[in-house]
Amino acid sequence: MLLLSLLVLFISCPAPSVGQELCSDYNGAIYMPNSTYKSNLISLAATLIANATELHSATGMAGTGLDKVYGAVSCRGDSDGSDCHKHLTEALDAAINSKNSNSYSPKAMTKKVTYYYNQDQARIHFSNQDFISSFTNVPECTVNTNLNAVTASVAKQFEDLVTKVLRALTDAAVSRPERYAVGKQRFEETGQTVYGLVQCMQGMPSEQCMNCLDGIISGRQSKISTTQMGAAILGVWCTLRYETDTQFFTDTKMLLLDVLKKSTLPCTVPFIKNFAFS
């Protein structure tokens with residue numbers, strides 16, 4: 001019962017401080033510091049981090065039998081190579097050292113761990129179970145980055161706008177090899193600007209990326225208040241984030257979204273205005 005409570009605490013987490021662990025999934029399997037499993041994990045991590053430094057994300061596996069390790073690492077699409085390497089290295093160090101000890105044996109470490117660094121800056125996931133072939137996005141974490149709320153009188157319009165922004169960005173991301181898109185849209189009712197980001201693991205098939213992002217967008221209302229001005233849902237394979245009046249990404253090549261102009265017409269879908277860049 002205590003273990004279950006700890007898992008719920010990790011997965012339903014508040015907004016973190018820099019480097020704070022958000023999700024940890026203990027699945028009953030452990031490894032010791034001098035084990036072959038740890039050697040395989042360290043070797044795999046080094047390869048994946050090196051690849052992600054160039055491509056922002058990487059997946060792979062190492063070892064055989066009970067010592068086989070599956071891994072995935074990624075950085076936010078607007079990070080440069082040095083920042084990506086730094087964030088992933090620090091996340092790995094925290095995940096396999098002080099943050100990942102088993103409560104029943106201080107020297108034992110859990111084989112399955114997910115770690116999100118500085119909210120959505122970087123994430124790592126290692127497991128002794130094959131998650132690479134399934135594209136399962138769990139464990140997912142919801143981060144409440146801005147609990148300020150729009151007024152009740154415009155809550156529905158705001159929720160509709162956020163959903164349309166995220167879906168428009170999803171359409172853009174799945175059409176790009178980097179599987180990443182950011183953009184902004186003015187919220188006419190209040191004069192504010194909503195900024196959005198969606199990202200899948202690079203190399204993820206477009207259909208799988210679309211399904212992953214559709215899943216977290218569709219489930220967003222059950223995790224985030226409809227009036228909330230900012231939040232992120234972080235997963236192993238895909239993530240999303242939106243903020244109001246805060247450009248939280250450094251990428252200046254954001255899409256100028258126009259998701260409302262035709263919203264009153266039947267059978268229309270959100271669109272991106274000429275795929276223009278600011």
# chains A, B, ... in the order shown; residues from 1 in each chain; ligands from 1
>>> residues_around(residues="Glu178 in chain A", least_positions_apart="3", cutoff="12 Å", atoms="only C-alpha atoms", output="ChimeraX atom specification")
/A:52,54-58,74-78,172-175,181-182,198-206,209
>>> select_by_dssp(residues="range 13-243 of chain A", states="alpha helix (DSSP H)", output="ChimeraX atom specification")
/A:36-55,81-96,155-174,206-218
>>> write_last_selection(atoms="C-alpha atoms", output="mmCIF file, in the first residue's frame")
data_model
loop_
_atom_site.group_PDB
_atom_site.id
_atom_site.type_symbol
_atom_site.label_atom_id
_atom_site.label_comp_id
_atom_site.auth_asym_id
_atom_site.auth_seq_id
_atom_site.Cartn_x
_atom_site.Cartn_y
_atom_site.Cartn_z
ATOM 1 C CA THR A 36 26.016 -5.964 -15.846
ATOM 2 C CA TYR A 37 22.639 -4.279 -16.169
ATOM 3 C CA LYS A 38 24.075 -0.987 -14.921
ATOM 4 C CA SER A 39 27.054 -1.282 -17.267
ATOM 5 C CA ASN A 40 24.668 -1.815 -20.175
ATOM 6 C CA LEU A 41 22.527 1.123 -19.056
ATOM 7 C CA ILE A 42 25.506 3.481 -18.818
ATOM 8 C CA SER A 43 26.818 2.383 -22.208
ATOM 9 C CA LEU A 44 23.398 2.756 -23.839
ATOM 10 C CA ALA A 45 22.832 6.138 -22.203
ATOM 11 C CA ALA A 46 26.135 7.477 -23.520
ATOM 12 C CA THR A 47 25.208 6.450 -27.058
ATOM 13 C CA LEU A 48 21.688 7.859 -26.847
ATOM 14 C CA ILE A 49 22.808 11.170 -25.345
ATOM 15 C CA ALA A 50 25.423 11.574 -28.071
ATOM 16 C CA ASN A 51 22.784 10.928 -30.749
ATOM 17 C CA ALA A 52 20.240 13.227 -29.095
ATOM 18 C CA THR A 53 22.792 16.024 -29.008
ATOM 19 C CA GLU A 54 22.487 16.094 -32.793
ATOM 20 C CA LEU A 55 18.874 14.987 -33.280
ATOM 21 C CA GLY A 81 23.485 20.606 -28.778
ATOM 22 C CA SER A 82 25.441 21.691 -25.711
ATOM 23 C CA ASP A 83 22.326 22.398 -23.642
ATOM 24 C CA CYS A 84 20.762 19.117 -24.693
ATOM 25 C CA HIS A 85 23.873 17.177 -23.697
ATOM 26 C CA LYS A 86 24.100 19.014 -20.367
ATOM 27 C CA HIS A 87 20.452 18.491 -19.438
ATOM 28 C CA LEU A 88 20.428 14.811 -20.366
ATOM 29 C CA THR A 89 23.688 14.120 -18.549
ATOM 30 C CA GLU A 90 22.406 15.778 -15.380
ATOM 31 C CA ALA A 91 19.092 13.951 -15.635
ATOM 32 C CA LEU A 92 20.875 10.626 -16.052
ATOM 33 C CA ASP A 93 23.142 11.284 -13.090
ATOM 34 C CA ALA A 94 20.179 12.097 -10.869
ATOM 35 C CA ALA A 95 18.074 9.200 -12.117
ATOM 36 C CA ILE A 96 20.644 6.443 -11.577
ATOM 37 C CA ALA A 155 -13.588 29.830 -20.115
ATOM 38 C CA LYS A 156 -15.192 27.872 -22.954
ATOM 39 C CA GLN A 157 -13.702 30.107 -25.639
ATOM 40 C CA PHE A 158 -10.285 29.807 -24.025
ATOM 41 C CA GLU A 159 -10.501 26.024 -23.797
ATOM 42 C CA ASP A 160 -11.588 25.809 -27.435
ATOM 43 C CA LEU A 161 -8.698 28.032 -28.485
ATOM 44 C CA VAL A 162 -6.070 26.032 -26.599
ATOM 45 C CA THR A 163 -7.371 22.783 -28.080
ATOM 46 C CA LYS A 164 -7.342 24.196 -31.612
ATOM 47 C CA VAL A 165 -3.836 25.588 -31.163
ATOM 48 C CA LEU A 166 -2.500 22.227 -29.977
ATOM 49 C CA ARG A 167 -4.232 20.351 -32.791
ATOM 50 C CA ALA A 168 -2.939 22.780 -35.413
ATOM 51 C CA LEU A 169 0.583 22.365 -34.059
ATOM 52 C CA THR A 170 0.135 18.590 -34.109
ATOM 53 C CA ASP A 171 -0.712 18.741 -37.818
ATOM 54 C CA ALA A 172 2.504 20.681 -38.380
ATOM 55 C CA ALA A 173 4.701 18.464 -36.190
ATOM 56 C CA VAL A 174 3.685 15.178 -37.817
ATOM 57 C CA SER A 206 3.948 10.165 -38.383
ATOM 58 C CA GLU A 207 0.860 8.077 -37.677
ATOM 59 C CA GLN A 208 2.174 7.064 -34.262
ATOM 60 C CA CYS A 209 3.133 10.667 -33.496
ATOM 61 C CA MET A 210 -0.356 11.842 -34.449
ATOM 62 C CA ASN A 211 -1.998 9.151 -32.310
ATOM 63 C CA CYS A 212 0.225 9.982 -29.351
ATOM 64 C CA LEU A 213 -0.452 13.720 -29.463
ATOM 65 C CA ASP A 214 -4.161 13.211 -30.136
ATOM 66 C CA GLY A 215 -4.285 11.029 -27.045
ATOM 67 C CA ILE A 216 -2.828 13.597 -24.661
ATOM 68 C CA ILE A 217 -4.794 16.465 -26.226
ATOM 69 C CA SER A 218 -8.052 14.520 -25.889
#
>>> residues_around(residues="range 226-228 of chain A", least_positions_apart="6", cutoff="9 Å", atoms="only C-alpha atoms", output="NGL selection string")
:A and (144 or 146-152 or 154-156 or 158-159 or 220)
>>> select_by_dssp(residues="range 147-275 of chain A", states="strand (DSSP E)", output="PyMOL selection string")
chain A and resi 147-149+180-187+192-200+228-234+238-244+255-257+272-275
>>> residues_around(residues="Gly235 in chain A", least_positions_apart="4", cutoff="10 Å", atoms="only C-alpha atoms", output="NGL selection string")
:A and (23 or 114 or 116 or 120 or 123-125 or 136-142 or 199-200 or 212-213 or 216 or 239-240)
>>> closest_residue(among="A:Gly230, A:Gly183, A:Gly63, A:Gly191", to="Thr250 in chain A", atoms="only C-alpha atoms")
A:Gly183
>>> decode(residues="range 104-144 of chain A", atoms="C-alpha atoms", output="JSON list (two decimals), in the first residue's frame")
[["chain", "number", "residue", "atom", "x", "y", "z"],
["A", 104, "TYR", "CA", 14.08, -1.77, 0.59],
["A", 105, "SER", "CA", 17.78, -1.72, -0.18],
["A", 106, "PRO", "CA", 19.70, 1.60, -0.32],
["A", 107, "LYS", "CA", 22.28, 0.09, -2.70],
["A", 108, "ALA", "CA", 19.76, -1.36, -5.13],
["A", 109, "MET", "CA", 18.36, 0.67, -8.02],
["A", 110, "THR", "CA", 15.14, 0.27, -9.95],
["A", 111, "LYS", "CA", 15.47, -0.96, -13.53],
["A", 112, "LYS", "CA", 12.56, 1.10, -14.79],
["A", 113, "VAL", "CA", 12.81, 4.84, -14.33],
["A", 114, "THR", "CA", 11.53, 7.97, -16.03],
["A", 115, "TYR", "CA", 13.02, 11.36, -15.27],
["A", 116, "TYR", "CA", 11.94, 14.78, -16.53],
["A", 117, "TYR", "CA", 14.48, 17.56, -16.19],
["A", 118, "ASN", "CA", 13.43, 21.17, -15.59],
["A", 119, "GLN", "CA", 9.82, 20.58, -16.58],
["A", 120, "ASP", "CA", 9.98, 19.90, -20.35],
["A", 121, "GLN", "CA", 13.65, 20.64, -21.11],
["A", 122, "ALA", "CA", 14.79, 17.00, -21.24],
["A", 123, "ARG", "CA", 13.51, 13.53, -20.42],
["A", 124, "ILE", "CA", 14.96, 10.05, -20.10],
["A", 125, "HIS", "CA", 13.35, 6.64, -19.78],
["A", 126, "PHE", "CA", 15.12, 3.33, -19.20],
["A", 127, "SER", "CA", 13.54, -0.04, -18.59],
["A", 128, "ASN", "CA", 14.19, -3.77, -18.65],
["A", 129, "GLN", "CA", 10.91, -4.10, -20.56],
["A", 130, "ASP", "CA", 10.46, -3.34, -24.26],
["A", 131, "PHE", "CA", 8.54, -0.07, -24.54],
["A", 132, "ILE", "CA", 10.15, 0.93, -27.85],
["A", 133, "SER", "CA", 7.99, -1.26, -30.07],
["A", 134, "SER", "CA", 4.71, -0.25, -28.41],
["A", 135, "PHE", "CA", 4.95, 3.58, -28.47],
["A", 136, "THR", "CA", 3.21, 3.63, -25.10],
["A", 137, "ASN", "CA", 3.42, 7.15, -23.67],
["A", 138, "VAL", "CA", 3.34, 6.17, -20.00],
["A", 139, "PRO", "CA", 4.22, 7.22, -17.46],
["A", 140, "GLU", "CA", 2.81, 10.66, -18.19],
["A", 141, "CYS", "CA", 3.12, 13.66, -15.88],
["A", 142, "THR", "CA", 1.00, 16.78, -15.73],
["A", 143, "VAL", "CA", 2.90, 19.91, -14.70],
["A", 144, "ASN", "CA", 0.87, 22.93, -13.63]]
